[in-house]
Amino acid sequence: MTTQDGPQKHKGYRRIIPSMTALLQFESVARLNSFTVAAKELGVTQAAVSKQIKGLEENIGTLLFQRGHRNIRLTGSGELLFAIISDALQRVASAFDQITQGVGRQELVLGSTAPFSQLRIMPRINKLNELLPHIQLRLATHMFIGDLRAREFDLAIRFGDGHWDDGTSILLFEEEVFPVCSPAWLARNQAPVTLEELAVAGLLDAASTSEGWYTWPSWFKSLGFVPPALRVNLRCSLYTDSINAALQGYGISLGWGRLVEHLLDSGELVRLEPFVVRPSEAYHVIVPHGRSIDAQTWSIVQWLQGKAQEVE
C-alpha cells in the first residue's frame with residue numbers, strides 16, 4: 001500500500017503544481033511588487049513574466065494580482081500563495097547554502113537602521129559567533145525605518161508601536177532617552193541641573209531619520225518645556241556622529257539608552273540625571289509573513305536583548 005501511494009502522491013503534486021518556473025516568477029513579482037523589476041532580476045522579458053503569471057492564474061482559477069494602471073498589488077489568494085512560496089524557497093535556499101558551503105552554516109539576513117546596527121549589534125557581534133556558530137549573519141542597514149521592508153529580510157529591527165502589516169512583531173525592549181556626555185566634558189563644565197540650564201549647555205543634535213526619533217526640540221517638548229533658545233554646538237545628519245562627538249567631549253547628545261548602554265557601562269559616556277523621556281514606542285523584531293518563528297529566531301532575539309544562553 002505504501003509503495004503504491006508514493007508514486008500517486010507525486011503525480012498529484014505534478015498535477016497541482018504544473019510549473020515551478022511560474023511559481024519562481026510569481027515569487028519575484030510579489031516580492032518586488034513589479035513585473036518589470038522582476039523580469040530584470042530573472043533575466044527574462046516582462047512579456048515572458050506576464051505570460052507565466054497569467055498561465056498560473058488560469059491554472060488555479062483565480063487572480064493573484066490586482067493590476068492597476070501604474071501599480072499592482074496581491075489579492076487575498078496572492079498573499080496566501082506568496083506566504084507559502086516565500087517560506088518554502090527560503091528553506092530550499094538555506095539548504096543549498098549549507099550543502100555548497102559544506103560547513104553547516106546558515107545565512108540570516110538582518111535588517112536594521114544604521115544607529116541600531118552600529119551601536120547595538122556591533123558591540124555584541126562576537127557574542128553571536130560564540131552562541132550561534134552555525135549562523136552566518138548578513139547585515140542590511142538603512143537610514144529610515146520605512147525602508148525596512150520585511151520581505152527583503154529574514155528578520156528586521158524596527159522602532160514603533162509594534163503594529164505592522166507585513167510581518168509578526170516580537171517585542172525586543174522598551175527605551176529611555178536622556179542626555180549623555182563624556183567625563184572629559186563634565187571635567188570642564190558644570191553639570192546642568194534644570195532643563196533651562198541643559199538647553200544652553202552646548203548640545204549635539206542629530207536629524208530625525210526614523211519614525212518616533214527625537215531631536216532636542218521634540219525631546220524638550222515631551223517634557224512640557226519649550227526653551228526660548230537652544231545652544232547647539234554641532235548638528236549632524238547621523239545620530240552616530242552626535243554620539244562620537246559626545247565621546248570626544250564636544251557637548252551633550254541625546255542618549256538612546258539601549259543603543260549607548262555599552263558606552264555607559266564602560267564609562268566612556270555619563271548619563272546626566274534626572275532628565276529622561278520614556279517613549280510609548282519600543283524596539284521590535286519583525287518576522288515577515290511566510291517565515292516561521294522558530295528556535296533560531298528566538299535565539300537571535302535573546303542575543304539582541306543580551307539574554308542569550310549558549311546554544312547546544
# chains A, B, ... in the order shown; residues from 1 in each chain; ligands from 1
$ closest_atom_pairs --of "segment 48-141 of chain A" --to "segment 282-291 of chain A" --cutoff "10 Å" --atoms "only C-alpha atoms" --output "Markdown table"
| residue | atom | partner | partner_atom | distance |
| --- | --- | --- | --- | --- |
| A:Glu79 | CA | A:His289 | CA | 9.2 |
| A:Leu80 | CA | A:Gly290 | CA | 8.6 |
| A:Leu81 | CA | A:Gly290 | CA | 9.2 |
| A:Phe82 | CA | A:Gly290 | CA | 7.4 |
| A:Ala83 | CA | A:Gly290 | CA | 3.9 |
| A:Ile84 | CA | A:Gly290 | CA | 5.7 |
| A:Ile85 | CA | A:Gly290 | CA | 7.8 |
| A:Ser86 | CA | A:Gly290 | CA | 6.0 |
| A:Asp87 | CA | A:Gly290 | CA | 5.0 |
| A:Ala88 | CA | A:Gly290 | CA | 8.5 |
| A:Gln90 | CA | A:Arg291 | CA | 8.2 |
| A:Arg91 | CA | A:Arg291 | CA | 9.3 |
| A:Leu110 | CA | A:Val285 | CA | 9.6 |
| A:Gly111 | CA | A:Ile286 | CA | 9.4 |
| A:Ser112 | CA | A:Val285 | CA | 9.5 |
| A:Phe116 | CA | A:Tyr283 | CA | 9.9 |
$ write_last_selection --atoms "all heavy atoms" --output "short mmCIF file (atom, residue, chain, number, x, y, z; two decimals), in the first residue's frame"
data_model
loop_
_atom_site.label_atom_id
_atom_site.label_comp_id
_atom_site.auth_asym_id
_atom_site.auth_seq_id
_atom_site.Cartn_x
_atom_site.Cartn_y
_atom_site.Cartn_z
N GLU A 79 -1.66 36.75 -1.66
CA GLU A 79 -0.97 36.85 -0.37
C GLU A 79 -0.76 35.48 0.24
O GLU A 79 0.31 35.18 0.78
CB GLU A 79 -1.79 37.73 0.59
CG GLU A 79 -1.79 39.22 0.25
CD GLU A 79 -0.52 39.92 0.72
OE1 GLU A 79 0.38 39.24 1.26
OE2 GLU A 79 -0.45 41.15 0.55
N LEU A 80 -1.79 34.63 0.15
CA LEU A 80 -1.68 33.28 0.70
C LEU A 80 -0.60 32.49 -0.01
O LEU A 80 0.26 31.86 0.63
CB LEU A 80 -3.03 32.56 0.57
CG LEU A 80 -3.06 31.08 0.99
CD1 LEU A 80 -2.71 30.93 2.46
CD2 LEU A 80 -4.42 30.48 0.70
N LEU A 81 -0.61 32.53 -1.34
CA LEU A 81 0.38 31.78 -2.11
C LEU A 81 1.78 32.33 -1.87
O LEU A 81 2.75 31.56 -1.73
CB LEU A 81 0.04 31.82 -3.60
CG LEU A 81 0.97 31.03 -4.52
CD1 LEU A 81 0.98 29.56 -4.14
CD2 LEU A 81 0.57 31.21 -5.99
N PHE A 82 1.92 33.66 -1.82
CA PHE A 82 3.25 34.24 -1.62
C PHE A 82 3.83 33.85 -0.27
O PHE A 82 5.02 33.55 -0.16
CB PHE A 82 3.19 35.76 -1.73
CG PHE A 82 4.50 36.42 -1.44
CD1 PHE A 82 5.57 36.31 -2.31
CD2 PHE A 82 4.68 37.15 -0.26
CE1 PHE A 82 6.79 36.90 -2.03
CE2 PHE A 82 5.90 37.74 0.03
CZ PHE A 82 6.96 37.61 -0.87
N ALA A 83 3.00 33.85 0.79
CA ALA A 83 3.49 33.47 2.11
C ALA A 83 4.05 32.06 2.10
O ALA A 83 5.13 31.80 2.66
CB ALA A 83 2.36 33.59 3.14
N ILE A 84 3.36 31.14 1.43
CA ILE A 84 3.82 29.75 1.39
C ILE A 84 5.06 29.60 0.51
O ILE A 84 6.05 28.96 0.89
CB ILE A 84 2.69 28.84 0.87
CG1 ILE A 84 1.46 28.92 1.80
CG2 ILE A 84 3.18 27.40 0.76
CD1 ILE A 84 1.74 28.51 3.22
N ILE A 85 5.02 30.19 -0.68
CA ILE A 85 6.15 30.06 -1.61
C ILE A 85 7.40 30.71 -1.04
O ILE A 85 8.50 30.17 -1.13
CB ILE A 85 5.79 30.70 -2.96
CG1 ILE A 85 4.69 29.89 -3.66
CG2 ILE A 85 7.02 30.79 -3.87
CD1 ILE A 85 5.09 28.47 -3.99
N SER A 86 7.25 31.89 -0.42
CA SER A 86 8.41 32.59 0.14
C SER A 86 9.09 31.75 1.21
O SER A 86 10.32 31.62 1.23
CB SER A 86 7.96 33.94 0.72
OG SER A 86 9.04 34.61 1.32
N ASP A 87 8.29 31.17 2.09
CA ASP A 87 8.86 30.35 3.15
C ASP A 87 9.54 29.11 2.58
O ASP A 87 10.65 28.74 2.99
CB ASP A 87 7.76 29.95 4.14
CG ASP A 87 8.29 29.16 5.32
OD1 ASP A 87 9.19 29.67 6.01
OD2 ASP A 87 7.84 28.02 5.53
N ALA A 88 8.88 28.48 1.60
CA ALA A 88 9.45 27.27 1.00
C ALA A 88 10.77 27.55 0.30
O ALA A 88 11.74 26.80 0.45
CB ALA A 88 8.44 26.66 0.03
N GLN A 90 12.83 30.03 0.90
CA GLN A 90 13.84 30.33 1.91
C GLN A 90 14.46 29.05 2.45
O GLN A 90 15.68 28.96 2.62
CB GLN A 90 13.21 31.12 3.07
CG GLN A 90 13.10 32.61 2.82
CD GLN A 90 14.45 33.27 2.78
OE1 GLN A 90 14.80 33.96 1.83
NE2 GLN A 90 15.25 33.07 3.80
N ARG A 91 13.62 28.06 2.70
CA ARG A 91 14.13 26.80 3.24
C ARG A 91 15.02 26.09 2.22
O ARG A 91 16.07 25.52 2.56
CB ARG A 91 12.96 25.91 3.65
CG ARG A 91 12.20 26.45 4.85
CD ARG A 91 10.95 25.62 5.14
NE ARG A 91 10.20 26.16 6.24
CZ ARG A 91 10.39 25.84 7.51
NH1 ARG A 91 11.34 24.98 7.84
NH2 ARG A 91 9.66 26.37 8.47
N LEU A 110 19.62 40.18 8.43
CA LEU A 110 19.03 41.00 9.48
C LEU A 110 19.02 42.46 9.05
O LEU A 110 20.07 43.04 8.78
CB LEU A 110 19.82 40.84 10.79
CG LEU A 110 19.35 41.67 11.99
CD1 LEU A 110 17.93 41.27 12.41
CD2 LEU A 110 20.31 41.51 13.16
N GLY A 111 17.86 43.05 8.96
CA GLY A 111 17.74 44.45 8.58
C GLY A 111 17.57 45.34 9.79
O GLY A 111 16.87 44.99 10.75
N SER A 112 18.22 46.50 9.76
CA SER A 112 18.09 47.46 10.85
C SER A 112 18.50 48.84 10.36
O SER A 112 19.07 48.98 9.28
CB SER A 112 18.94 47.06 12.06
OG SER A 112 20.30 47.40 11.86
N PHE A 116 21.16 51.48 15.04
CA PHE A 116 20.98 50.22 15.78
C PHE A 116 22.09 49.25 15.42
O PHE A 116 22.64 48.56 16.29
CB PHE A 116 19.62 49.62 15.47
CG PHE A 116 19.22 48.52 16.42
CD1 PHE A 116 18.41 48.78 17.50
CD2 PHE A 116 19.67 47.21 16.22
CE1 PHE A 116 18.06 47.77 18.40
CE2 PHE A 116 19.33 46.20 17.10
CZ PHE A 116 18.51 46.48 18.19
#
$ residues_around --residues "Ala245 of chain A" --least-positions-apart "6" --cutoff "9 Å" --atoms "only C-alpha atoms" --output "compact mmCIF listing (two decimals) with N, CA and C atoms, in the first residue's frame"
# COMPACT_ATOMS: atom_id res chain seq x y z
N LEU A 204 24.48 68.56 21.15
CA LEU A 204 24.83 67.89 19.90
C LEU A 204 23.54 67.30 19.35
N LEU A 234 26.83 71.39 17.63
CA LEU A 234 27.00 70.66 16.38
C LEU A 234 25.68 70.03 15.97
N GLY A 251 30.26 68.07 23.60
CA GLY A 251 28.96 68.56 24.06
C GLY A 251 28.10 67.42 24.58
N ILE A 252 26.79 67.70 24.64
CA ILE A 252 25.82 66.76 25.21
C ILE A 252 24.92 66.24 24.09
N SER A 253 24.83 64.94 23.98
CA SER A 253 23.97 64.30 22.99
C SER A 253 22.79 63.64 23.68
$ residues_around --residues "segment 275-281 of chain A" --least-positions-apart "5" --cutoff "9 Å" --atoms "only C-alpha atoms" --output "mmCIF file with all heavy atoms, in the first residue's frame"
data_model
loop_
_atom_site.group_PDB
_atom_site.id
_atom_site.type_symbol
_atom_site.label_atom_id
_atom_site.label_comp_id
_atom_site.auth_asym_id
_atom_site.auth_seq_id
_atom_site.Cartn_x
_atom_site.Cartn_y
_atom_site.Cartn_z
ATOM 1 N N PHE A 159 11.569 50.341 15.235
ATOM 2 C CA PHE A 159 11.131 51.092 16.409
ATOM 3 C C PHE A 159 9.741 51.626 16.106
ATOM 4 O O PHE A 159 9.537 52.306 15.103
ATOM 5 C CB PHE A 159 12.097 52.248 16.712
ATOM 6 C CG PHE A 159 11.760 53.014 17.962
ATOM 7 C CD1 PHE A 159 12.104 52.523 19.205
ATOM 8 C CD2 PHE A 159 11.078 54.222 17.890
ATOM 9 C CE1 PHE A 159 11.791 53.230 20.357
ATOM 10 C CE2 PHE A 159 10.764 54.932 19.028
ATOM 11 C CZ PHE A 159 11.120 54.438 20.275
ATOM 12 N N GLY A 160 8.775 51.299 16.953
ATOM 13 C CA GLY A 160 7.415 51.754 16.701
ATOM 14 C C GLY A 160 6.443 51.123 17.673
ATOM 15 O O GLY A 160 6.823 50.641 18.752
ATOM 16 N N ASP A 161 5.160 51.105 17.278
ATOM 17 C CA ASP A 161 4.115 50.607 18.172
ATOM 18 C C ASP A 161 3.912 49.105 18.074
ATOM 19 O O ASP A 161 3.075 48.534 18.784
ATOM 20 C CB ASP A 161 2.793 51.326 17.897
ATOM 21 C CG ASP A 161 2.297 51.132 16.469
ATOM 22 O OD1 ASP A 161 2.874 50.311 15.731
ATOM 23 O OD2 ASP A 161 1.334 51.829 16.083
ATOM 24 N N GLY A 162 4.651 48.446 17.190
ATOM 25 C CA GLY A 162 4.539 47.002 17.073
ATOM 26 C C GLY A 162 3.481 46.526 16.111
ATOM 27 O O GLY A 162 3.313 45.316 15.928
ATOM 28 N N GLU A 174 11.890 48.022 25.529
ATOM 29 C CA GLU A 174 11.443 49.406 25.578
ATOM 30 C C GLU A 174 12.666 50.312 25.669
ATOM 31 O O GLU A 174 13.802 49.851 25.747
ATOM 32 C CB GLU A 174 10.475 49.600 26.746
ATOM 33 C CG GLU A 174 9.194 48.791 26.572
ATOM 34 C CD GLU A 174 8.260 48.902 27.761
ATOM 35 O OE1 GLU A 174 8.744 49.235 28.874
ATOM 36 O OE2 GLU A 174 7.057 48.639 27.593
ATOM 37 N N GLU A 175 12.421 51.630 25.665
ATOM 38 C CA GLU A 175 13.536 52.561 25.552
ATOM 39 C C GLU A 175 13.380 53.743 26.500
ATOM 40 O O GLU A 175 12.268 54.074 26.933
ATOM 41 C CB GLU A 175 13.624 53.053 24.095
ATOM 42 C CG GLU A 175 14.778 53.965 23.778
ATOM 43 C CD GLU A 175 16.147 53.342 24.019
ATOM 44 O OE1 GLU A 175 16.502 53.202 25.209
ATOM 45 O OE2 GLU A 175 16.851 53.024 23.039
ATOM 46 N N GLU A 176 14.502 54.340 26.845
ATOM 47 C CA GLU A 176 14.572 55.619 27.560
ATOM 48 C C GLU A 176 15.530 56.528 26.799
ATOM 49 O O GLU A 176 16.520 56.053 26.230
ATOM 50 C CB GLU A 176 15.092 55.435 28.988
ATOM 51 C CG GLU A 176 14.158 54.701 29.922
ATOM 52 C CD GLU A 176 14.698 54.673 31.344
ATOM 53 O OE1 GLU A 176 15.926 54.869 31.521
ATOM 54 O OE2 GLU A 176 13.897 54.467 32.268
ATOM 55 N N VAL A 177 15.236 57.815 26.799
ATOM 56 C CA VAL A 177 16.088 58.784 26.103
ATOM 57 C C VAL A 177 16.484 59.869 27.101
ATOM 58 O O VAL A 177 15.620 60.495 27.729
ATOM 59 C CB VAL A 177 15.363 59.405 24.895
ATOM 60 C CG1 VAL A 177 16.333 60.267 24.084
ATOM 61 C CG2 VAL A 177 14.760 58.323 24.008
ATOM 62 N N PHE A 178 17.782 60.108 27.228
ATOM 63 C CA PHE A 178 18.287 61.027 28.242
ATOM 64 C C PHE A 178 19.592 61.651 27.753
ATOM 65 O O PHE A 178 20.234 61.139 26.832
ATOM 66 C CB PHE A 178 18.524 60.289 29.566
ATOM 67 C CG PHE A 178 19.183 58.952 29.405
ATOM 68 C CD1 PHE A 178 20.558 58.848 29.225
ATOM 69 C CD2 PHE A 178 18.426 57.789 29.409
ATOM 70 C CE1 PHE A 178 21.175 57.618 29.064
ATOM 71 C CE2 PHE A 178 19.031 56.547 29.239
ATOM 72 C CZ PHE A 178 20.406 56.463 29.071
ATOM 73 N N PRO A 179 20.026 62.755 28.363
ATOM 74 C CA PRO A 179 21.280 63.404 27.934
ATOM 75 C C PRO A 179 22.499 62.594 28.360
ATOM 76 O O PRO A 179 22.528 62.020 29.458
ATOM 77 C CB PRO A 179 21.246 64.758 28.652
ATOM 78 C CG PRO A 179 19.861 64.904 29.188
ATOM 79 C CD PRO A 179 19.329 63.534 29.391
ATOM 80 N N VAL A 193 21.442 71.169 36.033
ATOM 81 C CA VAL A 193 20.515 70.553 36.987
ATOM 82 C C VAL A 193 19.065 70.907 36.677
ATOM 83 O O VAL A 193 18.146 70.393 37.326
ATOM 84 C CB VAL A 193 20.862 70.958 38.431
ATOM 85 C CG1 VAL A 193 22.230 70.400 38.822
ATOM 86 C CG2 VAL A 193 20.819 72.469 38.613
ATOM 87 N N THR A 194 18.845 71.807 35.710
ATOM 88 C CA THR A 194 17.489 72.161 35.291
ATOM 89 C C THR A 194 17.413 72.062 33.767
ATOM 90 O O THR A 194 18.440 72.072 33.071
ATOM 91 C CB THR A 194 17.107 73.586 35.722
ATOM 92 O OG1 THR A 194 17.937 74.523 35.006
ATOM 93 C CG2 THR A 194 17.296 73.771 37.223
ATOM 94 N N LEU A 195 16.199 72.002 33.252
ATOM 95 C CA LEU A 195 16.027 71.977 31.808
ATOM 96 C C LEU A 195 16.511 73.275 31.179
ATOM 97 O O LEU A 195 17.044 73.274 30.053
ATOM 98 C CB LEU A 195 14.554 71.739 31.458
ATOM 99 C CG LEU A 195 14.021 70.336 31.763
ATOM 100 C CD1 LEU A 195 12.524 70.262 31.492
ATOM 101 C CD2 LEU A 195 14.751 69.275 30.937
ATOM 102 N N GLY A 212 9.399 58.328 15.180
ATOM 103 C CA GLY A 212 9.496 58.341 16.629
ATOM 104 C C GLY A 212 10.834 58.788 17.164
ATOM 105 O O GLY A 212 11.073 58.769 18.369
ATOM 106 N N TRP A 219 12.396 66.425 22.090
ATOM 107 C CA TRP A 219 12.641 65.821 23.402
ATOM 108 C C TRP A 219 12.232 66.784 24.517
ATOM 109 O O TRP A 219 11.545 66.386 25.466
ATOM 110 C CB TRP A 219 14.123 65.454 23.515
ATOM 111 C CG TRP A 219 14.500 64.752 24.794
ATOM 112 C CD1 TRP A 219 14.432 63.424 25.062
ATOM 113 C CD2 TRP A 219 15.015 65.373 25.987
ATOM 114 N NE1 TRP A 219 14.867 63.152 26.342
ATOM 115 C CE2 TRP A 219 15.235 64.344 26.933
ATOM 116 C CE3 TRP A 219 15.309 66.680 26.345
ATOM 117 C CZ2 TRP A 219 15.740 64.586 28.203
ATOM 118 C CZ3 TRP A 219 15.819 66.926 27.622
ATOM 119 C CH2 TRP A 219 16.027 65.890 28.528
ATOM 120 N N PHE A 220 12.639 68.053 24.408
ATOM 121 C CA PHE A 220 12.217 69.046 25.405
ATOM 122 C C PHE A 220 10.692 69.170 25.428
ATOM 123 O O PHE A 220 10.086 69.269 26.504
ATOM 124 C CB PHE A 220 12.844 70.410 25.096
ATOM 125 C CG PHE A 220 14.254 70.579 25.592
ATOM 126 C CD1 PHE A 220 15.311 70.722 24.702
ATOM 127 C CD2 PHE A 220 14.534 70.595 26.950
ATOM 128 C CE1 PHE A 220 16.618 70.877 25.159
ATOM 129 C CE2 PHE A 220 15.831 70.752 27.422
ATOM 130 C CZ PHE A 220 16.882 70.887 26.521
ATOM 131 N N SER A 222 8.494 66.945 24.823
ATOM 132 C CA SER A 222 7.914 65.786 25.503
ATOM 133 C C SER A 222 7.909 65.956 27.018
ATOM 134 O O SER A 222 7.093 65.354 27.719
ATOM 135 C CB SER A 222 8.687 64.511 25.141
ATOM 136 O OG SER A 222 8.545 64.213 23.778
ATOM 137 N N LEU A 223 8.821 66.787 27.511
ATOM 138 C CA LEU A 223 8.880 67.083 28.948
ATOM 139 C C LEU A 223 8.071 68.320 29.314
ATOM 140 O O LEU A 223 8.108 68.784 30.462
ATOM 141 C CB LEU A 223 10.337 67.279 29.374
ATOM 142 C CG LEU A 223 11.204 66.018 29.321
ATOM 143 C CD1 LEU A 223 12.654 66.345 29.623
ATOM 144 C CD2 LEU A 223 10.687 64.962 30.290
#
$ residues_around --residues "segment 26-28 of chain A" --least-positions-apart "5" --cutoff "9 Å" --atoms "only C-alpha atoms" --output "ChimeraX atom specification"
/A:21,33-35,37-39,41-42,49,52-53,56,64,81-82,85-86,89
